[in-house]
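Novice: The structure follows.
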Amino acid sequence: TGLAIGGLLPSLNTLVAEYAPDRRRNFAVSIMHLGFPVGGIIGGALAAQLIPEFGWQSVFIAGGLLTLLMMPLLIVGLPESLLFLRLSKRPGAAQTANSICAQLGITADQLQHNEPPPDQRGAAPLLRAPWLLPSVTLWSCFFFGYLTLYFLINWIPTILTAAGQSSDSAIGAGIALNLGGGVGMLVLGWLSARRPIKPMISIFFVVAALLMVALGRFELPPAQLLTLTAITGFFGLGGLIGLYSVAARLYTDATRASGVGLAIGAGRFGAILGPLLGGLLIGLDWQMGDYFLLLAAPLVLAGLMIRRVQPPTLK
């Protein structure tokens, strides 16, 4: 399941970026990634209803059935990448590409002019100059962003409970974090059609880091705690999804799937390490403020580094 999802996200990111109008591309990518947390919220609510009645296996059965029900719609309605179709030797690929071009109001000749040479396709160009530096910088932003925010997502209920908050408040804080993040994704996507996105991601990450420090340092009543957590999610998760828009614009059509896939891989490594590091720190019996202060630092670093991500000047 994880292998399939890991391949699905960069492929979807690439398709959305390829087909979206240029000035709406950032917003389109944000909308696509919004489906992930929304699906998580719906899935969690569904699991809460199914598990007491039918056991934990029912969650996997329901998820599998819903996925199968989507397949006919995707087979009929989801277009293939135009670049892939133009390079494909499959029977009918050229006709399909011409049909899609007609719907988009472009000609196949225009598309042909954008086809890269073979040595500029896939992951190989990203591992050498001039693509290596911007790629590693972007992948590092994914790693640091996921490290901090997945620590927060996984551990905030436990940490707040250990700090004396009620279990209801702690669970509510986890929900508020995700809800705030969903709104943040939409707002950043909307703003990015009007403003440069990288400075906004930088601001979002730094503000989220400061709010994390505030969460750890101040004892707040439940209502204020939920509000502050939601605002933290707004800036933190909103900025995180903004990285996908940067990745979609950084790479060419021929390298986008590989570049975004490697960025997501770096992010997932951070998503694994963040909760593990959080568990280690909790085992050291630190104060709550110390956890948040230490793990806010990678988010600040990502906010500073994203400003340095620039596409290379190609000859």
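Starting from 1 in every chain, residues are counted up; chains themselves are A, B, ... following the order of the structure tokens, and ligands are numbered from 1 as listed.
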Do a neighbour search on range 297-308 of chain A at 6 Å with only C-alpha atoms, toss out local chain neighbours closer than 2 positions, and write the hits as a list in words.
Specialist: Cys141, Phe144, Gly145, Lys198, Ser202, Phe205, Val206, Leu294 and Leu295 of chain A
Novice: Selection from above, C-alpha atoms, as a short mmCIF file (atom, residue, chain, number, x, y, z; two decimals), in the first residue's frame, can you write it?
Specialist:
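Output saved as again-v1.cif:
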```cif
data_model
loop_
_atom_site.label_atom_id
_atom_site.label_comp_id
_atom_site.auth_asym_id
_atom_site.auth_seq_id
_atom_site.Cartn_x
_atom_site.Cartn_y
_atom_site.Cartn_z
CA CYS A 141 13.23 21.52 2.37
CA PHE A 144 13.03 19.28 7.16
CA GLY A 145 9.40 20.29 6.67
CA LYS A 198 8.65 30.94 -2.26
CA SER A 202 9.28 30.99 3.94
CA PHE A 205 7.28 28.08 7.91
CA VAL A 206 8.88 30.69 10.17
CA LEU A 294 14.23 21.82 19.15
CA LEU A 295 11.93 20.50 16.44
#
```
Novice: What's around range 213-227 of chain A at 6 Å? Count only C-alpha atoms, leave out sequence neighbours fewer than 6 positions away in its own chain, and write the answer as a PyMOL selection string.
Specialist: chain A and resi 169+173+288-289+292-293
Novice: Extract, using only C-alpha atoms, all DNA, RNA and protein residues at most 8 Å from range 133-137 of chain A, discarding same-chain residues fewer than 2 positions from it, and format them as a VMD selection string.
Specialist: chain A and resid 126 129 to 131 139 to 141 259 305 to 306 308 to 312
Novice: Write the residues of the preceding selection, restricted to N, CA and C atoms, as a tab-separated table (two decimals), in the first residue's frame.
Specialist:
```tsv
chain	number	residue	atom	x	y	z
A	126	LEU	N	19.02	15.25	-12.94
A	126	LEU	CA	18.89	15.92	-11.65
A	126	LEU	C	20.07	15.63	-10.73
A	129	ALA	N	25.23	18.62	-12.51
A	129	ALA	CA	25.07	20.04	-12.78
A	129	ALA	C	24.33	20.21	-14.11
A	130	PRO	N	23.48	21.24	-14.22
A	130	PRO	CA	23.23	22.32	-13.25
A	130	PRO	C	22.03	22.08	-12.33
A	131	TRP	N	21.45	20.86	-12.39
A	131	TRP	CA	20.23	20.59	-11.63
A	131	TRP	C	20.50	20.10	-10.21
A	139	TRP	N	14.86	19.17	-2.06
A	139	TRP	CA	14.63	17.91	-1.34
A	139	TRP	C	14.91	18.07	0.15
A	140	SER	N	15.90	18.89	0.49
A	140	SER	CA	16.18	19.16	1.91
A	140	SER	C	15.02	19.90	2.57
A	141	CYS	N	14.41	20.82	1.83
A	141	CYS	CA	13.23	21.52	2.37
A	141	CYS	C	12.10	20.53	2.66
A	259	GLY	N	11.76	14.32	-10.34
A	259	GLY	CA	12.14	15.32	-9.35
A	259	GLY	C	11.17	15.38	-8.19
A	305	MET	N	15.87	27.99	3.37
A	305	MET	CA	16.44	27.32	2.20
A	305	MET	C	15.55	27.43	0.97
A	306	ILE	N	14.24	27.48	1.15
A	306	ILE	CA	13.35	27.48	-0.01
A	306	ILE	C	13.57	28.73	-0.86
A	308	ARG	N	16.32	29.82	-1.74
A	308	ARG	CA	17.50	29.60	-2.57
A	308	ARG	C	17.23	28.66	-3.74
A	309	VAL	N	16.03	28.13	-3.82
A	309	VAL	CA	15.71	27.18	-4.90
A	309	VAL	C	15.39	27.96	-6.17
A	310	GLN	N	16.27	27.87	-7.14
A	310	GLN	CA	16.08	28.56	-8.42
A	310	GLN	C	16.36	27.59	-9.55
A	311	PRO	N	15.56	27.62	-10.61
A	311	PRO	CA	15.87	26.76	-11.76
A	311	PRO	C	17.17	27.19	-12.40
A	312	PRO	N	17.98	26.24	-12.85
A	312	PRO	CA	19.26	26.61	-13.48
A	312	PRO	C	19.03	27.27	-14.83
```
Novice: Looking at only C-alpha atoms, which of A:Ile264, A:Leu179, A:Leu147, A:Ala209 is the one that sits closest to Ile42 in chain A?
Specialist: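 When distances to Ile42 in chain A are compared using only C-alpha atoms, the smallest one comes from A:Leu179.
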Novice: Taking 4 positions as the minimum chain separation for residues in the same chain, which residues sit within 12 Å of Ala20 in chain A when counting only C-alpha atoms? Answer as a list of chain:residue names.
Specialist: A:Leu12, A:Asn13, A:Thr14, A:Leu15, A:Val16, A:Arg24, A:Arg25, A:Asn26, A:Phe27, A:Ala28, A:Val29, A:Ser30, A:Ile31, A:Met32, A:Leu104, A:Ser245, A:Ala248, A:Arg249
Novice: Do you have the CA of Ile272 in chain A-CA of Gly180 in chain A distance handy?
Specialist: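 About the pair CA of Ile272 in chain A and CA of Gly180 in chain A: they are 22.3 Å apart.
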Novice: Please extract the residues of range 122-255 of chain A with a backbone DSSP assignment of alpha helix (DSSP H) and present them as a ChimeraX atom specification.
Specialist: /A:132-162,167-191,197-217,222-250
Novice: Atoms to include: C-alpha atoms. Write the selected residues as a tab-separated table (two decimals), in the first residue's frame.
Specialist:
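Result file out-v4.tsv:
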```tsv
chain	number	residue	atom	x	y	z
A	132	LEU	CA	21.95	19.01	-8.63
A	133	LEU	CA	22.16	22.06	-6.35
A	134	PRO	CA	18.55	23.30	-6.71
A	135	SER	CA	17.28	19.73	-6.48
A	136	VAL	CA	19.17	18.89	-3.29
A	137	THR	CA	18.09	22.20	-1.76
A	138	LEU	CA	14.44	21.51	-2.55
A	139	TRP	CA	14.63	17.91	-1.34
A	140	SER	CA	16.18	19.16	1.91
A	141	CYS	CA	13.23	21.52	2.37
A	142	PHE	CA	10.87	18.56	2.00
A	143	PHE	CA	12.91	16.55	4.50
A	144	PHE	CA	13.03	19.28	7.16
A	145	GLY	CA	9.40	20.29	6.67
A	146	TYR	CA	8.07	16.75	6.97
A	147	LEU	CA	10.36	15.99	9.92
A	148	THR	CA	8.92	18.81	12.02
A	149	LEU	CA	5.29	18.60	10.97
A	150	TYR	CA	4.97	14.83	11.21
A	151	PHE	CA	6.49	15.02	14.68
A	152	LEU	CA	3.74	17.50	15.49
A	153	ILE	CA	0.95	15.47	13.87
A	154	ASN	CA	1.96	12.22	15.57
A	155	TRP	CA	2.96	13.43	19.02
A	156	ILE	CA	0.94	16.52	19.88
A	157	PRO	CA	-1.94	14.59	21.57
A	158	THR	CA	0.52	12.55	23.67
A	159	ILE	CA	2.66	15.54	24.61
A	160	LEU	CA	-0.33	17.68	25.58
A	161	THR	CA	-1.81	14.88	27.68
A	162	ALA	CA	1.52	14.40	29.46
A	167	SER	CA	-7.51	13.75	26.63
A	168	ASP	CA	-10.40	15.50	24.85
A	169	SER	CA	-8.36	18.69	24.48
A	170	ALA	CA	-5.33	16.74	23.27
A	171	ILE	CA	-7.32	14.83	20.64
A	172	GLY	CA	-9.10	18.04	19.63
A	173	ALA	CA	-5.72	19.71	19.13
A	174	GLY	CA	-4.73	16.99	16.66
A	175	ILE	CA	-7.95	17.52	14.70
A	176	ALA	CA	-7.54	21.30	14.82
A	177	LEU	CA	-4.01	20.98	13.45
A	178	ASN	CA	-5.24	19.13	10.36
A	179	LEU	CA	-8.28	21.37	9.82
A	180	GLY	CA	-6.14	24.48	10.05
A	181	GLY	CA	-3.69	22.88	7.63
A	182	GLY	CA	-6.43	22.26	5.08
A	183	VAL	CA	-7.44	25.92	5.15
A	184	GLY	CA	-3.79	26.96	4.93
A	185	MET	CA	-3.30	24.87	1.79
A	186	LEU	CA	-6.22	26.61	0.08
A	187	VAL	CA	-5.15	30.09	1.15
A	188	LEU	CA	-1.53	29.65	0.08
A	189	GLY	CA	-2.64	28.17	-3.24
A	190	TRP	CA	-4.96	31.13	-3.82
A	191	LEU	CA	-2.33	33.69	-2.81
A	197	ILE	CA	5.16	31.52	-3.71
A	198	LYS	CA	8.65	30.94	-2.26
A	199	PRO	CA	8.70	34.03	0.00
A	200	MET	CA	5.23	33.07	1.24
A	201	ILE	CA	6.34	29.52	2.05
A	202	SER	CA	9.28	30.99	3.94
A	203	ILE	CA	6.96	33.22	5.98
A	204	PHE	CA	4.52	30.37	6.61
A	205	PHE	CA	7.28	28.08	7.91
A	206	VAL	CA	8.88	30.69	10.17
A	207	VAL	CA	5.51	31.73	11.62
A	208	ALA	CA	4.61	28.06	12.22
A	209	ALA	CA	7.92	27.54	14.03
A	210	LEU	CA	7.28	30.54	16.29
A	211	LEU	CA	3.78	29.27	17.05
A	212	MET	CA	5.23	25.86	17.93
A	213	VAL	CA	7.50	27.53	20.46
A	214	ALA	CA	4.50	29.39	21.89
A	215	LEU	CA	2.54	26.12	22.14
A	216	GLY	CA	5.32	24.60	24.16
A	217	ARG	CA	5.99	27.55	26.45
A	222	PRO	CA	-8.62	24.45	25.94
A	223	ALA	CA	-10.27	26.99	23.63
A	224	GLN	CA	-7.08	29.00	23.19
A	225	LEU	CA	-5.05	25.81	22.80
A	226	LEU	CA	-7.26	24.60	19.95
A	227	THR	CA	-7.12	28.00	18.27
A	228	LEU	CA	-3.34	28.24	18.48
A	229	THR	CA	-2.93	24.67	17.24
A	230	ALA	CA	-5.23	25.32	14.27
A	231	ILE	CA	-3.24	28.44	13.35
A	232	THR	CA	-0.01	26.44	13.64
A	233	GLY	CA	-1.45	23.87	11.22
A	234	PHE	CA	-2.59	26.67	8.91
A	235	PHE	CA	0.95	27.99	8.49
A	236	GLY	CA	2.90	24.74	8.85
A	237	LEU	CA	0.89	22.35	6.68
A	238	GLY	CA	-0.06	25.14	4.28
A	239	GLY	CA	3.62	25.90	3.71
A	240	LEU	CA	4.45	22.21	3.37
A	241	ILE	CA	2.01	21.69	0.51
A	242	GLY	CA	3.39	24.84	-1.11
A	243	LEU	CA	6.64	22.93	-1.63
A	244	TYR	CA	4.85	20.72	-4.16
A	245	SER	CA	3.98	23.79	-6.22
A	246	VAL	CA	7.64	24.86	-6.18
A	247	ALA	CA	8.65	21.37	-7.32
A	248	ALA	CA	6.06	21.41	-10.11
A	249	ARG	CA	7.48	24.68	-11.45
A	250	LEU	CA	11.16	23.92	-10.88
```
Novice: My list of candidates is A:Pro275, A:Gly63, A:Gly35, A:Pro125. Which is closest to Ala47 in chain A when distances are computed with only C-alpha atoms?
Specialist: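 The answer is A:Gly63, which sits nearest to Ala47 in chain A.
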Novice: Residues of range 253-313 of chain A within 12 Å of range 83-98 of chain A: nearest atom pair and distance (Å, one decimal) for each, counting only C-alpha atoms, sorted by chain and number, as a tab-separated table?
Specialist:
```
residue	atom	partner	partner_atom	distance
A:Asp253	CA	A:Leu83	CA	7.2
A:Ala254	CA	A:Leu83	CA	7.5
A:Thr255	CA	A:Leu83	CA	10.9
A:Arg256	CA	A:Leu83	CA	11.1
A:Ala257	CA	A:Phe84	CA	11.2
```
Novice: Write out the residues from the selection above, keeping C-alpha atoms, as a compact mmCIF listing (two decimals), in the first residue's frame.
Specialist:
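The result, written out as part_35.txt:
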```txt
# COMPACT_ATOMS: atom_id res chain seq x y z
CA ASP A 253 8.06 18.16 -18.16
CA ALA A 254 10.66 15.46 -18.80
CA THR A 255 12.10 15.50 -15.27
CA ARG A 256 9.09 16.58 -13.19
CA ALA A 257 7.86 13.12 -12.17
```
